[in-house]
Structure formats: C-alpha cells, structure tokens
Amino acid sequence: MVALTDRGDIVRGDSSGTVTIWRDGDLSSTPLTFASGGGQIFALQATNLNGRDLVFVGGQQTAGVWDITNEPRSLGDFGADTVVYSATWQAGTVLFGTLEGQVRRVDVTDAAAPSVLDPIQLGDEVAVTAVAATGHLVIAGGRAGVLDLYSWADGAHLGEEPVAGTVLSLSLSPNNGQVVAGTTSNVAGLWTIDADGLRDAVTWDLPASVNSVLHRGSTVLVAGSFTAVHEYGLDGSLRRQWPERTVSVSLAALDDAVVVGATEGVVTLWDTSADDVVFRYTEGRLFDVIPGSDSVLFGSNRGPRVFDRDAGGWRQLPLRTDETVELNAYYGLSDHGGTLVNQTRDGRLLTFHREADSFVEVDDIALPEALADLRVSPSGRYLALGIQGKVGYRLLHWGGETWEEIGTVDAWPGGAAFVGDSVFAAMGVNGQDFSVWSLGGAAEPTHLTQVDMLDDEVPVGFAGASGLLAVGDSAGEITVYSLRNPVEPEVRFVLHDARSSISQLSFSADTKRLLASTREGLCGPGTCPRTRRS
C-alpha cells in the first residue's frame with residue numbers, strides 16, 4: 001500500500017507490517033522504516049493536520065496513527081483487536097473499516113488526547129472493504145452489490161446504491177461533490193453526491209477487478225488486476241494510461257505525480273506534468289516505439305505511425321506515397337527523425353525523407369526477401385538489413401539518390417544497433433556473444449571485437465548512443481558498455497531489475513536515461529517511471 005504526504009514524502013506499508021518512508025518522493029534515496037506493531041498492512045492514508053504529517057496504518061491487529069513529520073511517533077493504536085481493510089480521513093478524524101463490519105472513527109485533532117467516536121455498524125459478518133466520508137455522509141463498501149450510506153452525525157443508515165460486485169475502493173473528489181468506486185466485478189463507477197444520496201453514475205468496464213481508485217478533481221485514476229493504470233475524464237473518456245508489471249493495490253497523487261503501490265512491494269512514481277495523449281490504433285497490432293528528435297514512431301504490423309511535437313501537443317505526420325502501398329512491420333527512423341525506411345508487403349524497400357509536416361518518398365528498391373531486422377543509423381546515412389533464416393546483416397550507405405551496399409557482416413539478425421554513424425554492433429551467430437564493426441573510412445565494414453555474454457544468455461536487445469552500447473539479454477539483464485575505444489568495450493553498468501527477456505532498449509537524447517521494455521510488458525529500470533522494489 002502507498003500514500004503521499006502533502007510535502008511529497010512517499011509512504012509504503014508492506015506484508016510484514018513495516019512502514020517505509022522516502023522523503024521528498026526520492027525513491028533512489030535511503031528510506032526511513034519503522035514497525036507498525038501489526039501484521040500485513042491493508043490500509044494506508046496520509047493527511048496534514050495542524051502542520052503535522054500524519055499517516056494511518058491499518059492491517060492485521062493494528063489501526064495506528066503515526067506522526068511522521070520528523071522521526072515517526074505513535075499517537076495510538078485503535079485496532080489491535082481486529083483486522084483493518086480500509087481507511088480515510090475527514091478533517092481531523094480517521095475512519096477505518098474492520099473485519100467485523102464496523103467503521104470506527106477516531107478524532108485526533110488533539111494529538112495528545114485522541115477521542116474515540118461511536119462506530120458505524122454494517123453487519124457482523126461483513127468486512128468493510130472501502131470507506132469514504134464527507135462532513136455529513138459516510139459511504140461504505142463491503143456488502144455485495146451495494147454501497148451503504150450513513151449519516152455522519154448519528155451513524156443512521158440513509159440508504160444504499162446498487163453496484164456490480166463488492167466495492168474494493170472508494171475516493172472522493174477534492175470538493176466532496178463526487179465519489180468513485182472500484183469493484184470485484186471489473187467495474188469502476190463515478191457518482192455525484194447530493195442531499196438525497198448518489199446520482200448520475202458514469203461507469204467503466206475493465207479487464208479485471210478494480211482494486212484502487214483515486215479522484216483527482218478533473219480526472220479519475222483506476223487501477224487493479226489488469227496491469228495498468230487508467231486515467232479518465234469526468235465525461236468517461238480515457239485520457240492516459242500507464243503500464244504496471246503486477247497487480248496494483250493502491251494509488252496516491254500530487255499535482256504532477258502519481259504513485260502506484262503493487263504486489264511484490266513495487267512502488268512506481270509517474271511524472272504526470274507532461275501533456276500526454278492516448279493514441280488508439282484499431283487497424284492492427286502495435287509492436288514498439290522509436291524516438292526521433294522531436295518526433296516518435298509507433299510501429300505496427302501495418303507499418304509506422306509518426307507523431308510530431310507541435311505547440312505543446314502532438315500531430316500525426318503522413319507518409320506521402322501511393323495509396324495502394326501496404327507497409328509491414330519492418331521499419332526504422334533516424335535519430336534526427338528525418339529518414340524513415342519501411343518494407344512493403346509486396347517486397348519493396350521504401351525510403352522517406354521528412355519535408356515540413358510530412359514524409360515524402362525518395363527511394364523505392366526491390367527487396368523480395370522476408371526481413372528479420374531493419375536498423376537506420378542516427379544520421380540516416382547507413383542502413384542495416386537482416387534477412388529471415390540467413391546469417392549476416394547487409395550494410396548499405398545512402399548515396400544521395402538510393403542505397404548502395406557496402407558489405408555483409410557475420411552476425412545473426414536477431415538484434416543490432418548503430419553507435420553513432422561509425423560503429424555497428426550485432427548478435428553473434430552462436431547467439432551467445434555480439435560483435436562490433438567499424439564503418440568509418442573503410443570500403444567495407446571492419447570487424448573490431450567479439451564480446452561474450454555473461455552466463456551464456458542470448459543478447460536480444462540492443463541500443464546505441466554517443467559512445468555507449470546497451471545490450472539486454474533473454475534473462476532480463478542489461479549491460480551498458482562504453483565504446484569510447486570500440487576495440488575494447490568496457491562494462492559501465494549491469495542492471496538486474498527487468499526480470500524478463502528484453503524486447504526493446506532505447507537511450508534518451510541526452511543519454512542520461514535508458515528505457516527498456518520486456519516481454520511481460522514492463523517499462524523498465526533507468527527510465528521514467530522511477531521504481532522501487534524490496
């Protein structure tokens with residue numbers, strides 16, 4: 001479970017009952033930890049009261065309020081006799097739902113003398129799985145098929161709202177005018193709160209159970225067992241989404257960041273300050289993403305779609321070619337975004353150069369062989385082609401009007417990268433090493449060195465940058481080499497966090513970030529988002 005304080009501290013509660021705090025939201029820093037006094041933590045909620053950062057920690061045999069402004073200090077435990085599954089703050093009062101069907105309330109406005117208020121009872125056999133509260137209304141989930149509404153003043157039952165399944169999570173809008181719920185029946189719902197209860201529901205159908213929801217005022221976040229976080233507008237439209245490796249169990253947010261708590265102890269921090277857009281592609285399958293200066297290529301089995309940054313937004317750049325042309329899934333884009341190469345379904349290789357707001361076809365040559373790989377050098381001067389079932393990469397040079405072949409290197413077309421325009425690296429024929437060639441100044445590529453992989457793993461992902469080569473293997477390890485001296489590559493870093501076969505690697509333009517994706521769909525270490533696992 002995760003929570004965020006007003007000043008940006010990230011707080012995590014885990015299955016051992018330990019609470020971990022990363023000050024200022026820096027997941028790379030050494031965290032502060034303390035024992036909650038109970039077992040597995042199921043509920044974690046932070047608030048700021050009278051200038052103090054408080055966090056409620058609920059779970060097995062604990063329902064404690066802690067002051068974490070400085071060194072963590074307990075203000076009392078109010079649930080050592082139960083199991084807590086849900087919690088929320090309303091002003092200076094914390095409400096938490098128990099295994100026995102109670103919503104307990106504790107007023108901690110006076111931190112030196114917390115006051116236990118009368119509880120609200122849902123039923124003896126109903127675990128309270130979600131709770132939210134305004135100044136006059138308490139909303140509780142736990143009974144199958146309904147949300148229960150209670151009076152804040154006297155705990156009287158005011159009514160119920162039908163829902164699909166059992167509610168697992170609730171979140172109020174900042175003005176208390178709306179509530180969003182997530183359920184076991186793969187549905188999230190948004191209601192308006194008025195004097196008569198809840199009305200005007202907007203619902204979303206999700207692929208699996210909705211374990212956590214968060215109302216951010218103008219948008220709603222939804223996460224759960226479907227390995228993604230979705231952001232919706234209040235009109236029901238999908239705004240953005242972010243991948244998650246495992247099951248998401250909690251959400252927290254500040255103005256420019258979203259924090260996701262997931263199983264296996266993973267905490268992910270997403271920067272939401274960027275003006276993202278959702279690109280829906282219904283014509284085929286999306287395979288990968290290739291950056292190109294201020295543009296980005298989304299590759300599919302029907303060719304590429306290229307988007308360009310435009311006045312803070314994004315626009316699609318058309319490919320100017322014969323309307324009858326059908327492109328396939330072998331494409332490449334130069335780092336400056338000016339050269340795009342793609343094979344057609346009828347066995348031709350098309351080259352496009354960017355002119356203003358589109359890509360114009362400048363070359364069309366026969367290429368009837370089925371490709372296994374296609375790479376364009378950073379400047380667009382060189383092209384590498386791997387043919388399915390054949391040893392070797394064919395290397396070509398742009399002669400001004402068409403591509404001119406300069407040689408074939410002894411490699412297996414299962415992964416390769418250009419490092420600048422003068423060095424090319426590719427998987428070895430035996431699948432357990434890679435080789436490096438020089439392209440500069442010689443009539444043919446010159447073999448410089450061969451590097452064996454650690455533990456005989458297969459090098460399946462390559463990325464090049466200025467003097468750097470990243471190689472990801474089938475076990476999920478990524479090794480970053482310095483190629484300042486390409487004859488003797490030097491290991492700079494070894495990254496172990498991916499834990500699944502690498503499917504794509506890419507350096508950021510400034511080479512300070514390495515982006516990685518895996519076969520299990522994770523956007524991996526060294527990138528945005530920042531992740532922490534223990």
# chains A, B, ... in the order shown; residues from 1 in each chain; ligands from 1

$ residues_around --residues "Val222 in chain A" --least-positions-apart "3" --cutoff "6 Å" --atoms "only C-alpha atoms" --output "ChimeraX atom specification"
/A:213,229-230

$ residues_around --residues "Gln450 in chain A" --least-positions-apart "3" --cutoff "10 Å" --atoms "only C-alpha atoms" --output "MDAnalysis selection string"
chainID A and resid 425:428 433:437 447 453 487:489

$ write_last_selection --atoms "N, CA and C atoms" --output "PDB file, in the first residue's frame"
ATOM      1  N   ALA A 425      26.979  -2.796 -34.024  1.00  0.00           N
ATOM      2  CA  ALA A 425      27.080  -3.973 -33.152  1.00  0.00           C
ATOM      3  C   ALA A 425      25.904  -4.895 -33.415  1.00  0.00           C
ATOM      4  N   ALA A 426      26.136  -6.209 -33.364  1.00  0.00           N
ATOM      5  CA  ALA A 426      25.066  -7.166 -33.648  1.00  0.00           C
ATOM      6  C   ALA A 426      25.320  -8.491 -32.948  1.00  0.00           C
ATOM      7  N   MET A 427      24.217  -9.248 -32.748  1.00  0.00           N
ATOM      8  CA  MET A 427      24.276 -10.559 -32.126  1.00  0.00           C
ATOM      9  C   MET A 427      25.158 -11.515 -32.925  1.00  0.00           C
ATOM     10  N   GLY A 428      25.954 -12.320 -32.211  1.00  0.00           N
ATOM     11  CA  GLY A 428      26.785 -13.312 -32.865  1.00  0.00           C
ATOM     12  C   GLY A 428      25.964 -14.465 -33.424  1.00  0.00           C
ATOM     13  N   ASP A 433      27.055 -14.249 -27.978  1.00  0.00           N
ATOM     14  CA  ASP A 433      28.018 -13.152 -27.968  1.00  0.00           C
ATOM     15  C   ASP A 433      27.536 -12.087 -28.929  1.00  0.00           C
ATOM     16  N   PHE A 434      28.262 -10.979 -28.999  1.00  0.00           N
ATOM     17  CA  PHE A 434      27.992  -9.980 -30.022  1.00  0.00           C
ATOM     18  C   PHE A 434      29.321  -9.439 -30.530  1.00  0.00           C
ATOM     19  N   SER A 435      29.280  -8.884 -31.726  1.00  0.00           N
ATOM     20  CA  SER A 435      30.484  -8.336 -32.341  1.00  0.00           C
ATOM     21  C   SER A 435      30.288  -6.869 -32.662  1.00  0.00           C
ATOM     22  N   VAL A 436      31.433  -6.178 -32.835  1.00  0.00           N
ATOM     23  CA  VAL A 436      31.433  -4.747 -33.129  1.00  0.00           C
ATOM     24  C   VAL A 436      32.246  -4.521 -34.397  1.00  0.00           C
ATOM     25  N   TRP A 437      31.715  -3.706 -35.313  1.00  0.00           N
ATOM     26  CA  TRP A 437      32.382  -3.358 -36.555  1.00  0.00           C
ATOM     27  C   TRP A 437      32.507  -1.857 -36.693  1.00  0.00           C
ATOM     28  N   HIS A 447      35.801  -5.624 -38.777  1.00  0.00           N
ATOM     29  CA  HIS A 447      35.496  -6.272 -37.501  1.00  0.00           C
ATOM     30  C   HIS A 447      36.501  -5.822 -36.449  1.00  0.00           C
ATOM     31  N   MET A 453      28.698 -13.061 -23.874  1.00  0.00           N
ATOM     32  CA  MET A 453      27.649 -12.694 -22.927  1.00  0.00           C
ATOM     33  C   MET A 453      27.880 -13.376 -21.587  1.00  0.00           C
ATOM     34  N   VAL A 487      37.416  -1.123 -29.779  1.00  0.00           N
ATOM     35  CA  VAL A 487      38.165  -2.383 -29.849  1.00  0.00           C
ATOM     36  C   VAL A 487      38.107  -3.110 -28.512  1.00  0.00           C
ATOM     37  N   GLU A 488      37.956  -2.364 -27.420  1.00  0.00           N
ATOM     38  CA  GLU A 488      37.907  -2.953 -26.084  1.00  0.00           C
ATOM     39  C   GLU A 488      36.725  -2.382 -25.316  1.00  0.00           C
ATOM     40  N   PRO A 489      35.507  -2.851 -25.575  1.00  0.00           N
ATOM     41  CA  PRO A 489      34.327  -2.363 -24.852  1.00  0.00           C
ATOM     42  C   PRO A 489      34.498  -2.541 -23.346  1.00  0.00           C
TER      43      PRO A 489
END

$ atom_distance --atom1 "CA of Gly337 in chain A" --atom2 "CA of Ser501 in chain A"
27.9 Å

$ closest_residue --among "A:Val94, A:Leu4, A:Val180, A:Ala416" --to "Ala463 in chain A" --atoms "only C-alpha atoms"
A:Ala416

$ residues_around --residues "Leu75 in chain A" --least-positions-apart "2" --cutoff "7 Å" --atoms "only C-alpha atoms" --output "PyMOL selection string"
chain A and resi 65-67+73+111

$ write_last_selection --atoms "N, CA and C atoms" --output "tab-separated table (two decimals), in the first residue's frame"
chain	number	residue	atom	x	y	z
A	65	VAL	N	-2.24	5.51	14.36
A	65	VAL	CA	-1.99	6.84	13.80
A	65	VAL	C	-0.58	7.25	14.19
A	66	TRP	N	0.19	7.65	13.18
A	66	TRP	CA	1.59	7.99	13.39
A	66	TRP	C	1.86	9.41	12.91
A	67	ASP	N	2.62	10.15	13.67
A	67	ASP	CA	3.14	11.45	13.26
A	67	ASP	C	4.50	11.20	12.62
A	73	ARG	N	6.36	8.83	15.22
A	73	ARG	CA	5.91	8.80	16.62
A	73	ARG	C	4.46	8.35	16.66
A	111	ALA	N	-3.77	15.87	19.21
A	111	ALA	CA	-2.86	14.72	19.08
A	111	ALA	C	-2.48	14.13	20.43

$ residues_around --residues "Asp410 in chain A" --least-positions-apart "6" --cutoff "8 Å" --atoms "only C-alpha atoms" --output "number ranges by chain"
A: 391-393, 428-429

$ write_last_selection --atoms "C-alpha atoms" --output "mmCIF file, in the first residue's frame"
data_model
loop_
_atom_site.group_PDB
_atom_site.id
_atom_site.type_symbol
_atom_site.label_atom_id
_atom_site.label_comp_id
_atom_site.auth_asym_id
_atom_site.auth_seq_id
_atom_site.Cartn_x
_atom_site.Cartn_y
_atom_site.Cartn_z
ATOM 1 C CA VAL A 391 23.327 -15.365 -41.413
ATOM 2 C CA GLY A 392 24.521 -11.801 -41.734
ATOM 3 C CA TYR A 393 23.458 -8.154 -41.740
ATOM 4 C CA GLY A 428 26.785 -13.312 -32.865
ATOM 5 C CA VAL A 429 25.862 -16.302 -34.996
#

$ atom_distance --atom1 "CA of Asp53 in chain A" --atom2 "CA of Val247 in chain A"
28.1 Å

$ residues_around --residues "Leu44 in chain A" --least-positions-apart "5" --cutoff "10 Å" --atoms "only C-alpha atoms" --output "list in words"
Met1, Val2, Ala3, Leu4, Val11, Arg12, Gly13, Asp14, Val19, Val55, Phe56, Val57, Gly58, Gly59, Ala63, Gly64, Val65, Tyr85, Ser86, Ala87, Thr88 and Ser250 of chain A

$ atom_distance --atom1 "CA of Ala372 in chain A" --atom2 "CA of Phe418 in chain A"
16.5 Å

$ select_by_dssp --residues "range 173-374 of chain A" --states "strand (DSSP E)" --output "ChimeraX atom specification"
/A:178-183,187-194,197-205,210-215,219-224,228-233,238-243,248-254,257-262,267-271,286-292,295-300,303-310,313-317,319-320,327-333,339-344,348-355,358-366,371-374

$ closest_atom_pairs --of "range 139-253 of chain A" --to "range 130-133 of chain A" --cutoff "8 Å" --atoms "only C-alpha atoms" --output "JSON lines"
{"residue": "A:Ile139", "atom": "CA", "partner": "A:Ala132", "partner_atom": "CA", "distance": 5.2}
{"residue": "A:Ala140", "atom": "CA", "partner": "A:Val131", "partner_atom": "CA", "distance": 4.4}
{"residue": "A:Gly141", "atom": "CA", "partner": "A:Ala130", "partner_atom": "CA", "distance": 4.8}
{"residue": "A:Gly142", "atom": "CA", "partner": "A:Ala130", "partner_atom": "CA", "distance": 6.8}
{"residue": "A:Trp152", "atom": "CA", "partner": "A:Ala133", "partner_atom": "CA", "distance": 7.8}
{"residue": "A:Val167", "atom": "CA", "partner": "A:Ala130", "partner_atom": "CA", "distance": 6.5}
{"residue": "A:Leu168", "atom": "CA", "partner": "A:Ala130", "partner_atom": "CA", "distance": 5.5}
{"residue": "A:Ser169", "atom": "CA", "partner": "A:Ala130", "partner_atom": "CA", "distance": 4.9}
{"residue": "A:Leu170", "atom": "CA", "partner": "A:Ala130", "partner_atom": "CA", "distance": 5.7}
{"residue": "A:Ser171", "atom": "CA", "partner": "A:Ala132", "partner_atom": "CA", "distance": 6.3}
{"residue": "A:Leu172", "atom": "CA", "partner": "A:Ala132", "partner_atom": "CA", "distance": 6.7}
